[in-house]
Amino acid sequence: MTQEDMLWCARTSWEAEKTHSEIPMLTKTYPQLDRLTGYQIQNLRNQIVEAEGNRVVGYKLGSTGLKKRQQMGTAASSYGRLYDYMRVRPGEPVRMDELIHPKVEPEITFVLKKALTGPYVTADQVMHATGYVVASLEIIDSRYENFKFTGGDVVSDNISGGKYLLSDKRYDPFASDLGLIGLEITLNGDVCGQAATCEIMGHPARAVAEFANNFWKNTGGQGLLPGQFIMTGGITQAFSLKRGDFVQARFGRLGPVEFHVV
Ligand code: OOG
Ligand code: MG
């Protein structure tokens, strides 16, 4: 693909996000668009998003969880950028008119106090670079019709990044075993998912380490910075949202976190 083709893909996904409209898969136009090309497109998309005054505040990992891998039919993890404009604060509603066909998933988020730069980051280094962890909910919203895509498509589309909500309660990453936190997610009071954080590659710090190394490779040597949020990936499958829904996730001693959809 030429630079111009990749720029077109980057703009198409970003315009679709801004106008809350569905698009056909980019691989319908460019069947050769693979994951690695997708990361180049995501880098270009990021330049456009930042040039419009938005700021990267962290990253979100994709398909690190077994249930997400099964739901999406992929064994490969991925990552996207978290921007300031995506954030929903506790108590604020999630607005359907700003989204296309959103789904929600519970995640553990690491907040860094030290930089992490690949290519040889380990889970132990991630733990020592983490200032605190928080319970969180991600609202994903693929721009593609019917929420269907290939690996190249989803990576180009900032891996379906829509909105995210972090709990205000901060936890010491060493206070309990982060690989063994149980959680339950409810939709309108009914339990729809139950899982434990070991679903994320045995321990979510492993997913962060793998990501730091991939990010280093895909950006020509960039690292993660102090203060950035790293959402480590959906622990259950993702659940579709509609207007009027109330979502709550209870994360053992980390929870709860919740929102209404309006
Ligand atoms: C891609 C985003 C995946 C996760 O936590 O696994 C993701 C998608 O499945 O739409 O955010
Ligand atoms: Mg997610």
# chains A, B, ... in the order shown; residues from 1 in each chain; ligands from 1
>>> residues_near_ligand(ligand="ligand 2", cutoff="6 Å", atoms="only C-alpha atoms and all ligand atoms", output="list in words")
Gly62, Glu138, Gly233 and Gly234 of chain A
>>> residues_around(residues="stretch 155-167 of chain A", least_positions_apart="5", cutoff="8 Å", atoms="only C-alpha atoms", output="VMD selection string")
chain A and resid 9 to 10 13 to 14 35 38 to 42 45 60 62 78 to 82 86 to 90 99 102 109 134 to 143 255 to 257
>>> select_by_dssp(residues="stretch 31-262 of chain A", states="strand (DSSP E)", output="PyMOL selection string")
chain A and resi 56-62+78-83+87-88+103-112+130-140+161-166+182-187+190-196+229-231+239-240+246-251+257-260
>>> residues_around(residues="A:Ile230", least_positions_apart="3", cutoff="8 Å", atoms="only C-alpha atoms", output="VMD selection string")
chain A and resid 58 to 61 109 to 112 208
>>> write_last_selection(atoms="N, CA, C and O atoms", output="PDB file, in the first residue's frame")
ATOM      1  N   GLY A  58      -2.820   7.264  27.155  1.00  0.00           N
ATOM      2  CA  GLY A  58      -2.450   5.890  27.465  1.00  0.00           C
ATOM      3  C   GLY A  58      -2.775   4.976  26.300  1.00  0.00           C
ATOM      4  O   GLY A  58      -2.950   5.441  25.162  1.00  0.00           O
ATOM      5  N   TYR A  59      -2.889   3.686  26.613  1.00  0.00           N
ATOM      6  CA  TYR A  59      -3.090   2.665  25.578  1.00  0.00           C
ATOM      7  C   TYR A  59      -4.081   1.632  26.077  1.00  0.00           C
ATOM      8  O   TYR A  59      -4.279   1.477  27.281  1.00  0.00           O
ATOM      9  N   LYS A  60      -4.696   0.941  25.124  1.00  0.00           N
ATOM     10  CA  LYS A  60      -5.637  -0.129  25.464  1.00  0.00           C
ATOM     11  C   LYS A  60      -5.199  -1.383  24.723  1.00  0.00           C
ATOM     12  O   LYS A  60      -4.869  -1.329  23.536  1.00  0.00           O
ATOM     13  N   LEU A  61      -5.181  -2.488  25.443  1.00  0.00           N
ATOM     14  CA  LEU A  61      -4.760  -3.751  24.845  1.00  0.00           C
ATOM     15  C   LEU A  61      -5.987  -4.526  24.405  1.00  0.00           C
ATOM     16  O   LEU A  61      -7.054  -4.439  25.021  1.00  0.00           O
ATOM     17  N   THR A 109      -6.861  -1.613  34.838  1.00  0.00           N
ATOM     18  CA  THR A 109      -6.007  -0.597  34.222  1.00  0.00           C
ATOM     19  C   THR A 109      -4.802  -0.294  35.114  1.00  0.00           C
ATOM     20  O   THR A 109      -4.957  -0.073  36.320  1.00  0.00           O
ATOM     21  N   PHE A 110      -3.623  -0.301  34.498  1.00  0.00           N
ATOM     22  CA  PHE A 110      -2.375   0.039  35.196  1.00  0.00           C
ATOM     23  C   PHE A 110      -2.069   1.510  34.922  1.00  0.00           C
ATOM     24  O   PHE A 110      -2.182   1.952  33.785  1.00  0.00           O
ATOM     25  N   VAL A 111      -1.670   2.242  35.957  1.00  0.00           N
ATOM     26  CA  VAL A 111      -1.253   3.636  35.762  1.00  0.00           C
ATOM     27  C   VAL A 111       0.229   3.709  36.113  1.00  0.00           C
ATOM     28  O   VAL A 111       0.640   3.370  37.229  1.00  0.00           O
ATOM     29  N   LEU A 112       1.029   4.120  35.138  1.00  0.00           N
ATOM     30  CA  LEU A 112       2.487   4.047  35.294  1.00  0.00           C
ATOM     31  C   LEU A 112       3.038   5.208  36.114  1.00  0.00           C
ATOM     32  O   LEU A 112       2.548   6.331  36.033  1.00  0.00           O
ATOM     33  N   VAL A 208       0.919  -6.207  29.611  1.00  0.00           N
ATOM     34  CA  VAL A 208       1.539  -4.876  29.499  1.00  0.00           C
ATOM     35  C   VAL A 208       2.979  -5.011  28.977  1.00  0.00           C
ATOM     36  O   VAL A 208       3.420  -4.239  28.124  1.00  0.00           O
TER      37      VAL A 208
END
>>> closest_residue(among="A:Gly202, A:Gly151, A:Gly118, A:Gly227", to="ligand 1", atoms="only C-alpha atoms and all ligand atoms")
A:Gly151
>>> residues_around(residues="A:Ala207", least_positions_apart="3", cutoff="8 Å", atoms="only C-alpha atoms", output="PyMOL selection string")
chain A and resi 61+64+123+200-201+203-204+210-211+232
>>> closest_residue(among="A:Phe251, A:Phe147, A:Leu116, A:Ala195", to="A:Gln222", atoms="only C-alpha atoms")
A:Leu116
>>> closest_residue(among="A:Phe174, A:Trp216, A:Phe246, A:Phe149", to="ligand 1", atoms="only C-alpha atoms and all ligand atoms")
A:Phe149
>>> closest_residue(among="A:Ser77, A:Thr122, A:Thr117, A:Asn146", to="ligand 1", atoms="only C-alpha atoms and all ligand atoms")
A:Ser77
>>> closest_residue(among="A:Pro93, A:Pro226, A:Gly65, A:Pro24", to="ligand 1", atoms="only C-alpha atoms and all ligand atoms")
A:Gly65
>>> closest_residue(among="A:Lys18, A:Lys28, A:Lys148, A:Lys113", to="ligand 1", atoms="only C-alpha atoms and all ligand atoms")
A:Lys148
>>> atom_distance(atom1="atom CA of A:Met25", atom2="atom CA of A:Thr150")
8.1 Å
>>> residues_around(residues="A:Phe259", least_positions_apart="4", cutoff="7 Å", atoms="only C-alpha atoms", output="mmCIF file with C-alpha atoms, in the first residue's frame")
data_model
loop_
_atom_site.group_PDB
_atom_site.id
_atom_site.type_symbol
_atom_site.label_atom_id
_atom_site.label_comp_id
_atom_site.auth_asym_id
_atom_site.auth_seq_id
_atom_site.Cartn_x
_atom_site.Cartn_y
_atom_site.Cartn_z
ATOM 1 C CA GLY A 91 -21.218 9.506 37.599
ATOM 2 C CA GLU A 92 -21.359 10.663 33.971
ATOM 3 C CA PRO A 93 -23.582 8.771 31.520
ATOM 4 C CA VAL A 94 -22.460 7.105 28.290
ATOM 5 C CA PHE A 246 -27.134 0.282 33.641
ATOM 6 C CA VAL A 247 -23.789 -1.521 33.825
ATOM 7 C CA GLN A 248 -21.896 -2.376 36.979
#
>>> atom_distance(atom1="atom CA of A:Asn54", atom2="atom CA of A:Pro119")
27.6 Å
>>> residues_around(residues="A:Thr74", least_positions_apart="4", cutoff="8 Å", atoms="only C-alpha atoms", output="list of chain:residue names")
A:Ser63, A:Arg69, A:Gln70
